[in-house]
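Notes follow once the structure below has been shown.
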Amino acid sequence: MDRNQITKWFKAPAKMANKYSLHVIYFCTGCGIIEVPPVITSRWDAERFGVIPVATPRQANLFLITGYVSVKTLRAIIRTYEQMPEPKYTVGFGSCPINGGMYWDSYNTIKHLDKYIPIDGWIAGCMPRPEAIFIAVTHLWTLIDKEMANGYVKYRENYEYYRKNQEKVLGKLEWPPLFPVSDEPRGNVQ
Amino acid sequence: MNKSVKEKLESTFKDIQVSILEDSRIAVTVENHGVLVILRFLKDKGFDHLALLSAVDWIEEKEFELCFILTCYMQNDDEYTDSQRLHIILKTRISREEPNLETITGIFPNAEPYEREIHELFGIKFEGHPRLTPLLLERNYEIPPFRKDFDTRKYVKDVFDKIPFVEDKDK
Amino acid sequence: MVVKIVQIILSPILALVVGVFFLGLARKIIARIHWRHGPPLIQPLIDIIRLFYQKSVSHGRMFDLGIIFSLAGSIVLVLFLPLGRWCPLSSSGGLLVILYIMLIAPLGVALSAGEGANPNISIGISRKFILSLGYEVPLLLVLLAVMTHYKTISIMEVVSVQQSTSWSIISFPLFLSGLSYFLILPAILGIRPFDVSSAPQEISSGPMAEYGGKYLALATIEHAFVLFISIALFVNLFLGGAANPVIFFVKMLVVFVLGLCINAVFPRFRIEQAIKYLWKWPTLLAFVGLIITLAIRS
Amino acid sequence: MSLVALLIIAFGGALLTYILGKLSSRIRDSFAVIISLVLLAIIACFYGRSVEKTFYSGFFGLGLVLRLNMLSWFFAIAISALGALSVIFSLSYMKDREHTDFYYLTLLLVNAAMLGIVLAGDLVSFYIFWEVMSWSTFLLISYNRGPALAAGMKYIIMSIIGSLAMLIGMLSLYTTYGTLSISGISAVIASASSGYILFILIIFSIAFGIKNAVMPLHTWLPDSYAEAPSPFTAVLSGMLTRMGIYGFVLIMYVIVGAVSTLNLGPGILKFNYILAWLGAITIVIPTFIAMLQNDAKKLLAWHGIGQGGYMILGIAFGTSLGLAGGIFHTLNHAIYIVLLFMSVGAVQYRTNGERDLNSLGGLIKKMPIAFIGGLLGISGLIGVPLTNGFVSKWLIYKTLIVEGYPFLTFAALIGTWGTILSVYKFLHNMFLGQLPEKYKDVEKSPLSMQLPMIVLSLAILLFGILPGIPLKVINAIGISFGFESLNVTIWGIASETGTLNTINIFSAVLVAGFIVWILFRLGAKSVPVSQQDSYAAGAHTPADKYHYTAEFYNPLYRMIKPFLRDVIDEFYYWIAASVQRLCGGIRHVYTGDVGYYVTYIILFLAILIFVQLKWKPW
């Protein structure tokens, strides 16, 4: 927690500011959202680290994907992720986004979330405890320090592949592609 | 109390089997063409609340079984006569090859989403239903997922595992 | 003349620093009321720096110019307010100009956010204007009472008269107006019970819904300025301004902390309840204050 | 170049355009524009000259006099400028409409009649031009047929009542003083009894109150503004309705003279105090009714009534500051209300006549000039500093506070906040928010519409930042009425009880805006994005359903709607209905066959004989 080291602030203000002002988009994607209220209220108080929930993706730079991701929710997750402004980070919360968790063989859940949107950090556990969110935040700090939290850069460079995977699962997407895509004809695999 | 209901049912309808399960539950099995008549009869008797409509896939006997659970709409909990605590489970069998049935939204309008769900997940067609469009699922499936012959592991292997990771895009 | 230039440059910077400090203090006090440790006092500054480095989304030319115009209006308004002894632009308009420049900020934000083409924004803006109509009724009565009491429209004169005689919050007729102004202060600041126009839960933070990086930074700075201006106006009109900025700042701190502690414990009003409250007690007090002032004056 | 020649050019030009219209529409259009610009040029070079000449003395023994002084020049220049701009605006607005020759004839006739009113030196010619103006306005209001006929009928009935009141006043003046020339009467009337002066003031203020839509006499205005074609509504709302203000100033300060109007009536019940309260009510109630309107032109019409109240407040107290405020507000109001109606007209022209605020939206990207016009128009209407509306409102508020009427100031200030709410709804529903599908391919407004809007927007900013230009002329008017002069400077008014310096405000806003703009550029780049990409909680924004306009201030509507029923309008309709029933009853007497008439005659003779026998009255 090097928030009070003034020299670091003058050397790399962007990195320090990004580290100590993570605004989480308050979007309940799955069963894990029940862990977020204790985190932001007086029991664990995430605001000490500058982490506060905000209402719209436009104001956020951290996206906490909590719990299993059903096919229908994936559409909303992709839309929200694309509406967040650039340096944005995502954290997969719980084992379901990692590899499907206990719904590994279900027809209706998404198994590996990072096939569709880039994920910077994972928290294992079938609903990890609130302290695990702080572990994720500190982990994110080190990633930002080491310039490794570049999920959004990966998304921008391989957008075509991400888009193709998304359309494989969700069929035709209503909104236009975020970045220009060389649209050669692609059959939709059912 | 449920004895009188049993006699009333057996007296008015001929080819039905009525059996009393524990204290407040009656199981009634009936042919699929007689369902509407019995539902109308029970509704007039005061069982005006269709609590649930569910289906069971008996794959060995190649039949679907539909269960209608009826009860009285309880106004207030405390003073209840024992007849009002009665649950009636109406069961009927339809063949698996051409699984279709009359819709009951005429009698119980609240059955509309139940029937849409069963149509989507079991493939049972309800004639006369206002809109049999998909309710829950995002994708469409050749074999409806809740049928026993739907192999979910194979489906996952075909759809989700075939989608490549973005990292190994150059392979 | 040089002193004037220094004053003109210094007062907006001072206002910005004090405003951002008040924002941080507000979050810290609310956290401590919730039994939470709460963020450091400079957290709003960190947020603003981060927002300036973050990319954002623009919905058109008016989307950019509106927020710039609104922040410029707030900065100009600071120049009209006396901070302690010196007041840069006091000679060009007085209280009437202050009253009218106060409406540039909400109008600018409304025009810029309006182009964000989002119903949450439009509902937020309509609520913000209804709320401003709500607190404007008592505020106008209060300002008219002060103007008729001191028989002038220039705020410097009001401050100098209070310096010589007693504070106007203690003098008989203006006590009611002062109390009424304090009751509507949270509505002007847009904090806890009256943050109905930027409610994150109901209308996803109203006009701020489409504001991304630098737009949100400018909006936060503008909120800091509004915080500074409303409290400075209260201190100037009712607590007799101050000889030097330090005492002025202490008075503002007392008023802000007092107001915040009272209001941090209230749940958010619905917009009708807010209007009913604003048009009942504060308006009654201000109306009675004005009638008594008029009676004394004639 | 005498005044008579000016009027001949004005009226002759109107007739000539009608004749030319028969030949070809292009010649008629260009001729109409040329005539208006020529009139503007002539009046401009009349500045400073004060002339009084009887041009025709044979009118039943009364001399018709034409007169020019600072007040009439001020109004004349405003009339001709706005007339020229609205003619230019209507070039493309009326392009593919039928019988446009008739439209241009009546439009130029109205402008000429208004010039006549302003230049009239005696009450007879004043009355003649007043009637010409009323009638040509009636013809223009009912130009669109359909509901416009009812609106025109309502307008013409109330104007006739006003003219009759003025006629009674003139007759009584003629019988008592034998002359009707304004200078003659004003010299003599000071000696009349205060009761007689009160009678004259009340009679004339009824006529001018109807024309200026003061509260109880305002009901004709919303319908006629909404139904008349947009370019004419601009002229109607800009200058025509303000002939009432010219009339008030004429009767209160020129004919009767300031000193006697101000102490008419005992203590609190002075004539101008009651007039001021009427003005205050005219500000508050119409502004809040405007908030409930869903029709763009009706909303602006109700604001027209509301702003009329500010002018009445300005001229009611007869101090030089108040008079300057009132007259300056007349000019400002003329500028921005014409601009707003032109902006509505441009939108109407492009969206084939769409006026309903709930079905428009997002036009800022398609019609930027109309948006800029609308934006500056509403900021002038509100009185945002740096616009002309602010300066005149500042003058009016200062007079009210210095004179010691806080409650009148409170009414005026609340009027401003009501204006902000309703006027933002107007701009938001038309230009901001989502663009409906059917207006996707709307193009920009044509050049002939953009030109007047740009000119008027610049005028708003120019008079807002350098108010000295018009205030110098208005100060001269005040001096000609015998008030002490204000020390007007290019940047505003300097006085010991509070000076207004618009240059300071302008430079401060400019510098602060520049600093904020640099701060804005320093931040990270922002990506332009379409209206489809708006935040919708993860869902896709549905086309045509993502725009919040209906009942824009719903919580406020529910609270204030019961108090805002237009009871006066219903009262007038009740009177009309009862009169109609009465006449229906009388009509039954005439059944049409002769037998009944013979019996009526015999009965009548019998009654006469009986009365003669019984009481012998003859």
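Scheme for the structure tokens: letters A, B, ... for chains in order shown; per-chain residue numbers from 1; ligand numbers from 1 in order shown.
Any residue of chain D with an atom within 7 Å of chain A counts; using only C-alpha atoms, that gives Gly538, Ala539 and His540 of chain D.
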### Message
With DSSP run on the backbone, what are the helix (DSSP H, G or I) residues within stretch 531-598 of chain D? I'd like them as a PyMOL selection string.
### Response
chain D and resi 531-533+554-564+567-587+594-598
### Message
Can you pull out every residue from chain A that DSSP, working from the backbone, puts in strand (DSSP E), and format the result as number ranges by chain?
### Response
A: 23-25, 52-54, 62-66, 89-93, 121-123
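From atom CA of D:Glu98 back to atom CA of D:Leu456, the distance works out to 28.6 Å.
Closest approach to A:Tyr103 among A:Met148, A:Ile119, A:Ala132, A:Val69: A:Val69, based on only C-alpha atoms.
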### Message
Would you mind listing, as a PyMOL selection string, all residues of chain D that have at least one atom within 7 Å of chain C, where only C-alpha atoms are what counts?
### Response
chain D and resi 384-385+394+406+410+414+417+421+428+432-434+497-501+504+508-509+512-513+516-517+520+523-531+534-535+546-548+552-553+555-556
Written file, previous selection with N, CA and C atoms, as a compact mmCIF listing (two decimals), in the first residue's frame:
```txt
# COMPACT_ATOMS: atom_id res chain seq x y z
N VAL D 384 -30.17 34.60 -18.74
CA VAL D 384 -28.84 34.13 -18.33
C VAL D 384 -27.87 35.30 -18.54
N PRO D 385 -26.98 35.59 -17.56
CA PRO D 385 -26.05 36.72 -17.78
C PRO D 385 -25.36 36.57 -19.13
N TRP D 394 -32.41 42.86 -14.87
CA TRP D 394 -31.66 43.47 -13.75
C TRP D 394 -32.19 44.86 -13.47
N PRO D 406 -40.72 44.30 -2.19
CA PRO D 406 -40.09 42.96 -2.29
C PRO D 406 -41.02 41.90 -2.84
N PHE D 410 -40.39 39.30 -5.76
CA PHE D 410 -40.48 37.84 -5.55
C PHE D 410 -41.31 37.21 -6.67
N ILE D 414 -39.73 34.44 -9.18
CA ILE D 414 -40.30 33.08 -9.31
C ILE D 414 -40.71 32.85 -10.76
N TRP D 417 -37.80 31.44 -12.53
CA TRP D 417 -37.52 30.00 -12.32
C TRP D 417 -38.56 29.14 -13.01
N LEU D 421 -37.77 26.13 -15.98
CA LEU D 421 -38.26 24.75 -16.05
C LEU D 421 -38.96 24.51 -17.39
N HIS D 428 -35.32 20.58 -24.53
CA HIS D 428 -34.94 19.16 -24.39
C HIS D 428 -35.82 18.28 -25.27
N LEU D 432 -32.84 17.70 -27.74
CA LEU D 432 -31.91 16.76 -27.07
C LEU D 432 -32.57 15.39 -27.02
N GLY D 433 -31.92 14.43 -26.44
CA GLY D 433 -32.50 13.09 -26.29
C GLY D 433 -32.40 12.30 -27.59
N GLN D 434 -33.23 11.24 -27.71
CA GLN D 434 -33.10 10.31 -28.83
C GLN D 434 -33.80 10.85 -30.07
N THR D 497 -26.16 53.06 -6.02
CA THR D 497 -26.85 51.97 -5.29
C THR D 497 -26.64 50.64 -6.02
N GLY D 498 -25.58 50.48 -6.79
CA GLY D 498 -25.34 49.17 -7.41
C GLY D 498 -25.17 49.31 -8.90
N THR D 499 -23.99 48.99 -9.39
CA THR D 499 -23.75 49.16 -10.84
C THR D 499 -23.78 47.79 -11.51
N LEU D 500 -24.07 47.82 -12.81
CA LEU D 500 -24.06 46.56 -13.58
C LEU D 500 -22.98 46.68 -14.63
N ASN D 501 -22.02 45.76 -14.63
CA ASN D 501 -20.91 45.86 -15.58
C ASN D 501 -20.84 44.56 -16.35
N ASN D 504 -17.22 43.11 -17.43
CA ASN D 504 -16.51 42.29 -16.43
C ASN D 504 -17.00 40.86 -16.46
N ALA D 508 -14.79 37.68 -17.50
CA ALA D 508 -14.56 36.62 -16.49
C ALA D 508 -15.00 35.27 -17.06
N VAL D 509 -16.21 35.24 -17.67
CA VAL D 509 -16.70 33.96 -18.21
C VAL D 509 -15.77 33.47 -19.31
N ALA D 512 -12.51 32.15 -17.66
CA ALA D 512 -12.79 30.89 -16.94
C ALA D 512 -13.10 29.78 -17.94
N GLY D 513 -13.88 30.11 -18.98
CA GLY D 513 -14.22 29.09 -19.98
C GLY D 513 -12.96 28.59 -20.67
N VAL D 516 -11.04 26.23 -18.38
CA VAL D 516 -11.71 24.92 -18.26
C VAL D 516 -11.56 24.16 -19.57
N TRP D 517 -11.58 24.89 -20.70
CA TRP D 517 -11.46 24.20 -21.99
C TRP D 517 -10.08 23.55 -22.09
N PHE D 520 -10.04 20.58 -20.08
CA PHE D 520 -10.80 19.54 -20.78
C PHE D 520 -9.92 18.87 -21.84
N GLY D 523 -7.33 16.26 -20.58
CA GLY D 523 -7.76 14.91 -20.21
C GLY D 523 -7.62 13.96 -21.38
N ALA D 524 -7.83 12.66 -21.07
CA ALA D 524 -7.64 11.65 -22.13
C ALA D 524 -8.68 11.87 -23.23
N LYS D 525 -8.41 11.36 -24.40
CA LYS D 525 -9.28 11.61 -25.57
C LYS D 525 -10.64 11.00 -25.30
N SER D 526 -11.69 11.62 -25.87
CA SER D 526 -13.04 11.04 -25.68
C SER D 526 -13.53 10.56 -27.04
N VAL D 527 -14.18 9.39 -27.02
CA VAL D 527 -14.58 8.72 -28.28
C VAL D 527 -16.01 9.16 -28.61
N PRO D 528 -16.25 9.75 -29.79
CA PRO D 528 -17.65 10.06 -30.14
C PRO D 528 -18.43 8.77 -30.33
N VAL D 529 -19.71 8.82 -29.93
CA VAL D 529 -20.47 7.56 -29.94
C VAL D 529 -21.90 7.90 -30.35
N SER D 530 -22.62 6.94 -30.91
CA SER D 530 -23.97 7.27 -31.44
C SER D 530 -24.97 7.18 -30.31
N GLN D 531 -26.21 7.56 -30.58
CA GLN D 531 -27.24 7.56 -29.52
C GLN D 531 -27.68 6.14 -29.19
N SER D 534 -26.13 4.19 -25.68
CA SER D 534 -26.34 4.84 -24.38
C SER D 534 -26.49 3.74 -23.33
N TYR D 535 -26.26 4.08 -22.05
CA TYR D 535 -26.31 3.08 -20.97
C TYR D 535 -27.73 2.57 -20.81
N TYR D 546 -36.73 5.09 -26.26
CA TYR D 546 -35.77 5.36 -25.19
C TYR D 546 -35.65 6.87 -24.98
N HIS D 547 -36.84 7.57 -24.93
CA HIS D 547 -36.80 9.04 -24.89
C HIS D 547 -37.85 9.49 -23.87
N TYR D 548 -37.41 10.18 -22.78
CA TYR D 548 -38.35 10.53 -21.69
C TYR D 548 -38.84 11.94 -21.94
N PHE D 552 -43.06 15.90 -18.45
CA PHE D 552 -41.63 16.00 -18.11
C PHE D 552 -41.46 16.28 -16.62
N TYR D 553 -42.31 17.17 -16.05
CA TYR D 553 -42.15 17.45 -14.61
C TYR D 553 -43.32 16.80 -13.88
N PRO D 555 -43.97 15.01 -11.10
CA PRO D 555 -44.31 15.27 -9.69
C PRO D 555 -44.85 16.69 -9.51
N LEU D 556 -44.29 17.66 -10.25
CA LEU D 556 -44.74 19.06 -10.07
C LEU D 556 -46.13 19.23 -10.66
```
### Message
If the cut-off is 12 Å, can you tell me the residues of chain A near chain B, counting only C-alpha atoms? I'd like them as an MDAnalysis selection string.
### Response
chainID A and resid 70:75 99:100 103:119 151 154:155 157:172 188:190
### Message
Just want the 8 Å neighbourhood of D:Tyr349, counted on only C-alpha atoms, with same-chain residues fewer than 4 positions away dropped. Output as a count of residues only.
### Response
3
### Message
If the cut-off is 12 Å, can you tell me the residues of chain A near chain C, counting only C-alpha atoms? I'd like them as a PyMOL selection string.
### Response
chain A and resi 3-4+9-10+12-23+25-27+38-61+82-88
Limited to N, CA and C atoms, could you put the picked residues into a file as a compact mmCIF listing (two decimals), in the first residue's frame?
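And here's out_27.txt as it stands now:
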```txt
# COMPACT_ATOMS: atom_id res chain seq x y z
N ARG A 3 0.33 4.23 -0.96
CA ARG A 3 -0.47 5.42 -1.32
C ARG A 3 0.20 6.71 -0.84
N ASN A 4 0.93 6.65 0.32
CA ASN A 4 1.40 7.95 0.82
C ASN A 4 2.81 8.25 0.33
N TRP A 9 3.88 9.26 -6.58
CA TRP A 9 2.79 10.03 -7.22
C TRP A 9 3.35 10.89 -8.34
N PHE A 10 4.53 11.49 -8.11
CA PHE A 10 5.03 12.38 -9.18
C PHE A 10 5.64 11.57 -10.31
N ALA A 12 4.70 8.38 -11.40
CA ALA A 12 3.71 7.76 -12.30
C ALA A 12 2.32 8.06 -11.74
N PRO A 13 1.82 9.28 -11.92
CA PRO A 13 0.50 9.61 -11.35
C PRO A 13 -0.62 8.74 -11.90
N ALA A 14 -0.56 8.44 -13.22
CA ALA A 14 -1.67 7.65 -13.81
C ALA A 14 -1.77 6.31 -13.12
N LYS A 15 -0.61 5.65 -12.94
CA LYS A 15 -0.67 4.30 -12.35
C LYS A 15 -1.16 4.39 -10.91
N MET A 16 -0.60 5.35 -10.15
CA MET A 16 -1.01 5.45 -8.73
C MET A 16 -2.50 5.78 -8.63
N ALA A 17 -2.96 6.73 -9.46
CA ALA A 17 -4.38 7.12 -9.37
C ALA A 17 -5.26 5.93 -9.73
N ASN A 18 -4.85 5.17 -10.76
CA ASN A 18 -5.66 4.00 -11.13
C ASN A 18 -5.70 2.99 -9.99
N LYS A 19 -4.56 2.88 -9.29
CA LYS A 19 -4.53 1.86 -8.22
C LYS A 19 -5.47 2.26 -7.08
N TYR A 20 -5.43 3.54 -6.66
CA TYR A 20 -6.12 3.87 -5.41
C TYR A 20 -7.47 4.53 -5.64
N SER A 21 -8.03 4.34 -6.84
CA SER A 21 -9.40 4.84 -7.03
C SER A 21 -10.10 3.87 -7.98
N LEU A 22 -10.38 2.63 -7.46
CA LEU A 22 -11.04 1.61 -8.31
C LEU A 22 -12.54 1.72 -8.08
N HIS A 23 -13.27 2.18 -9.07
CA HIS A 23 -14.74 2.29 -8.92
C HIS A 23 -15.36 1.05 -9.54
N ILE A 25 -18.31 -1.37 -10.84
CA ILE A 25 -19.67 -1.24 -11.40
C ILE A 25 -20.56 -2.19 -10.61
N TYR A 26 -21.68 -1.68 -10.05
CA TYR A 26 -22.56 -2.47 -9.16
C TYR A 26 -23.52 -3.26 -10.04
N PHE A 27 -23.05 -4.41 -10.57
CA PHE A 27 -23.88 -5.17 -11.53
C PHE A 27 -23.91 -6.60 -11.04
N PRO A 38 -21.47 -6.76 2.32
CA PRO A 38 -20.61 -6.63 3.51
C PRO A 38 -19.27 -5.97 3.19
N VAL A 39 -18.80 -6.12 1.94
CA VAL A 39 -17.49 -5.54 1.62
C VAL A 39 -17.57 -4.02 1.64
N ILE A 40 -18.69 -3.46 1.16
CA ILE A 40 -18.69 -1.99 1.04
C ILE A 40 -19.28 -1.32 2.29
N THR A 41 -19.85 -2.10 3.19
CA THR A 41 -20.41 -1.46 4.41
C THR A 41 -19.43 -1.62 5.58
N SER A 42 -19.90 -1.33 6.77
CA SER A 42 -18.96 -1.08 7.88
C SER A 42 -18.20 -2.33 8.28
N ARG A 43 -18.65 -3.56 7.97
CA ARG A 43 -17.93 -4.75 8.46
C ARG A 43 -16.54 -4.80 7.83
N TRP A 44 -16.44 -4.62 6.50
CA TRP A 44 -15.12 -4.73 5.87
C TRP A 44 -14.67 -3.42 5.21
N ASP A 45 -15.58 -2.54 4.82
CA ASP A 45 -15.29 -1.18 4.36
C ASP A 45 -14.22 -1.13 3.26
N ALA A 46 -14.67 -1.38 2.01
CA ALA A 46 -13.71 -1.32 0.89
C ALA A 46 -13.32 0.13 0.60
N GLU A 47 -14.09 1.13 1.16
CA GLU A 47 -13.78 2.51 0.76
C GLU A 47 -12.42 2.93 1.28
N ARG A 48 -11.89 2.18 2.32
CA ARG A 48 -10.55 2.52 2.82
C ARG A 48 -9.56 2.48 1.67
N PHE A 49 -9.76 1.55 0.71
CA PHE A 49 -8.78 1.42 -0.40
C PHE A 49 -9.24 2.22 -1.62
N GLY A 50 -10.31 3.04 -1.45
CA GLY A 50 -10.76 3.83 -2.60
C GLY A 50 -11.66 3.04 -3.53
N VAL A 51 -12.20 1.91 -3.02
CA VAL A 51 -13.08 1.10 -3.90
C VAL A 51 -14.52 1.43 -3.52
N ILE A 52 -15.26 2.06 -4.42
CA ILE A 52 -16.67 2.35 -4.12
C ILE A 52 -17.53 1.86 -5.29
N PRO A 53 -18.77 1.44 -5.03
CA PRO A 53 -19.63 0.99 -6.15
C PRO A 53 -20.20 2.21 -6.88
N VAL A 54 -20.25 2.14 -8.20
CA VAL A 54 -20.87 3.24 -8.97
C VAL A 54 -21.99 2.66 -9.82
N ALA A 55 -22.86 3.56 -10.33
CA ALA A 55 -24.12 3.11 -10.92
C ALA A 55 -23.93 2.65 -12.37
N THR A 56 -23.12 3.39 -13.18
CA THR A 56 -23.10 3.05 -14.63
C THR A 56 -21.68 2.64 -15.04
N PRO A 57 -21.59 1.81 -16.10
CA PRO A 57 -20.24 1.40 -16.55
C PRO A 57 -19.40 2.60 -16.99
N ARG A 58 -20.05 3.69 -17.43
CA ARG A 58 -19.27 4.84 -17.90
C ARG A 58 -18.36 5.38 -16.80
N GLN A 59 -18.80 5.28 -15.54
CA GLN A 59 -17.99 5.89 -14.46
C GLN A 59 -17.05 4.88 -13.83
N ALA A 60 -17.07 3.58 -14.31
CA ALA A 60 -16.38 2.53 -13.54
C ALA A 60 -15.06 2.19 -14.24
N ASN A 61 -14.11 1.62 -13.46
CA ASN A 61 -12.94 1.03 -14.14
C ASN A 61 -12.66 -0.37 -13.61
N GLU A 82 -18.16 -3.51 -22.74
CA GLU A 82 -17.78 -2.65 -23.87
C GLU A 82 -18.11 -1.19 -23.59
N GLN A 83 -19.07 -0.93 -22.67
CA GLN A 83 -19.42 0.47 -22.40
C GLN A 83 -18.48 1.11 -21.38
N MET A 84 -17.59 0.28 -20.78
CA MET A 84 -16.70 0.90 -19.79
C MET A 84 -15.56 1.61 -20.53
N PRO A 85 -15.14 2.82 -20.05
CA PRO A 85 -14.04 3.51 -20.73
C PRO A 85 -12.70 2.82 -20.47
N GLU A 86 -11.69 3.16 -21.30
CA GLU A 86 -10.48 2.34 -21.38
C GLU A 86 -9.85 1.96 -20.05
N PRO A 87 -8.81 2.49 -19.45
CA PRO A 87 -8.12 1.49 -18.59
C PRO A 87 -9.14 0.79 -17.68
N LYS A 88 -9.63 -0.40 -18.06
CA LYS A 88 -10.66 -1.11 -17.27
C LYS A 88 -10.13 -2.49 -16.91
```
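For the set D:Ile42, D:Val249, D:Ile312, D:Leu149, the residue with the smallest atom-to-atom gap to D:Ala276 is D:Ile312, counting only C-alpha atoms.
Between atom CA of B:Arg131 and atom CA of B:Glu102 the separation is 13.9 Å.
Here atom CA of D:Gly48 stands at a distance of 6.7 Å from atom CA of D:Met70.
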### Query
Using only C-alpha atoms, which residues sit within 9 Å of B:Pro99 once same-chain residues fewer than 3 positions away are excluded, as an MDAnalysis selection string?
chainID B and resid 63:64 94:96 123:126
Output all heavy atoms for every residue in the selection just made, as a compact mmCIF listing (two decimals), in the first residue's frame.
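To be explicit, this is the file written out as again.txt:
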```
# COMPACT_ATOMS: atom_id res chain seq x y z
N GLU B 63 -43.55 -42.30 -22.36
CA GLU B 63 -44.70 -41.40 -22.08
C GLU B 63 -44.23 -40.19 -21.27
O GLU B 63 -43.24 -40.26 -20.55
CB GLU B 63 -45.75 -42.17 -21.24
CG GLU B 63 -46.68 -43.01 -22.08
CD GLU B 63 -47.65 -43.77 -21.19
OE1 GLU B 63 -47.36 -43.79 -19.97
OE2 GLU B 63 -48.63 -44.29 -21.69
N PHE B 64 -44.97 -39.10 -21.44
CA PHE B 64 -44.79 -37.94 -20.54
C PHE B 64 -45.93 -37.95 -19.56
O PHE B 64 -47.06 -38.34 -19.90
CB PHE B 64 -44.87 -36.63 -21.34
CG PHE B 64 -43.61 -36.30 -22.11
CD1 PHE B 64 -43.65 -36.00 -23.47
CD2 PHE B 64 -42.38 -36.32 -21.46
CE1 PHE B 64 -42.50 -35.71 -24.17
CE2 PHE B 64 -41.23 -36.02 -22.16
CZ PHE B 64 -41.28 -35.72 -23.53
N ILE B 94 -49.31 -38.68 -21.57
CA ILE B 94 -49.44 -38.52 -23.04
C ILE B 94 -48.24 -39.22 -23.66
O ILE B 94 -47.17 -39.33 -23.04
CB ILE B 94 -49.45 -37.02 -23.45
CG1 ILE B 94 -48.25 -36.27 -22.84
CG2 ILE B 94 -50.74 -36.36 -23.04
CD1 ILE B 94 -48.17 -34.84 -23.32
N SER B 95 -48.41 -39.67 -24.89
CA SER B 95 -47.34 -40.49 -25.49
C SER B 95 -46.17 -39.58 -25.86
O SER B 95 -46.34 -38.37 -26.08
CB SER B 95 -47.87 -41.14 -26.78
OG SER B 95 -47.74 -40.17 -27.82
N ARG B 96 -44.96 -40.15 -25.94
CA ARG B 96 -43.76 -39.35 -26.15
C ARG B 96 -43.57 -38.98 -27.61
O ARG B 96 -42.95 -38.00 -27.96
CB ARG B 96 -42.54 -40.19 -25.68
CG ARG B 96 -41.56 -39.41 -24.84
CD ARG B 96 -40.60 -40.30 -24.08
NE ARG B 96 -39.48 -39.50 -23.62
CZ ARG B 96 -38.45 -39.15 -24.41
NH1 ARG B 96 -38.42 -39.56 -25.67
NH2 ARG B 96 -37.47 -38.39 -23.94
N GLY B 123 -40.68 -29.94 -24.93
CA GLY B 123 -41.12 -30.13 -26.30
C GLY B 123 -42.57 -30.57 -26.38
O GLY B 123 -43.01 -31.06 -27.43
N ILE B 124 -43.36 -30.40 -25.29
CA ILE B 124 -44.79 -30.77 -25.34
C ILE B 124 -45.54 -29.58 -25.94
O ILE B 124 -45.43 -28.46 -25.46
CB ILE B 124 -45.32 -31.07 -23.92
CG1 ILE B 124 -44.54 -32.23 -23.30
CG2 ILE B 124 -46.80 -31.36 -23.96
CD1 ILE B 124 -44.88 -32.47 -21.86
N LYS B 125 -46.31 -29.86 -27.00
CA LYS B 125 -47.00 -28.77 -27.70
C LYS B 125 -48.38 -28.60 -27.10
O LYS B 125 -49.10 -29.58 -26.90
CB LYS B 125 -47.10 -29.13 -29.21
CG LYS B 125 -47.19 -27.89 -30.09
CD LYS B 125 -47.16 -28.30 -31.54
CE LYS B 125 -47.95 -27.28 -32.37
NZ LYS B 125 -49.03 -26.61 -31.59
N PHE B 126 -48.81 -27.38 -26.78
CA PHE B 126 -50.14 -27.11 -26.21
C PHE B 126 -50.96 -26.39 -27.27
O PHE B 126 -50.68 -25.22 -27.60
CB PHE B 126 -50.02 -26.22 -24.96
CG PHE B 126 -49.37 -26.93 -23.79
CD1 PHE B 126 -48.00 -26.92 -23.61
CD2 PHE B 126 -50.15 -27.64 -22.87
CE1 PHE B 126 -47.41 -27.58 -22.55
CE2 PHE B 126 -49.56 -28.30 -21.80
CZ PHE B 126 -48.19 -28.27 -21.65
```
### Message
I want to know what sits within 12 Å of C:Val3, based on only C-alpha atoms, with residues of the same chain fewer than 4 positions away left out; could you give that as a list in words?
### Response
Gln7, Ile8, Ile9, Leu10, Ser11, Trp86, Cys87 and Pro88 of chain C
### Message
Quick one: residues within 9 Å of stretch 154-158 of chain D, only C-alpha atoms, excluding same-chain residues fewer than 4 positions away - as an MDAnalysis selection string?
### Response
chainID D and resid 134:135 137:138 141 149:150 162:163 210:211 217 219:221 223:224
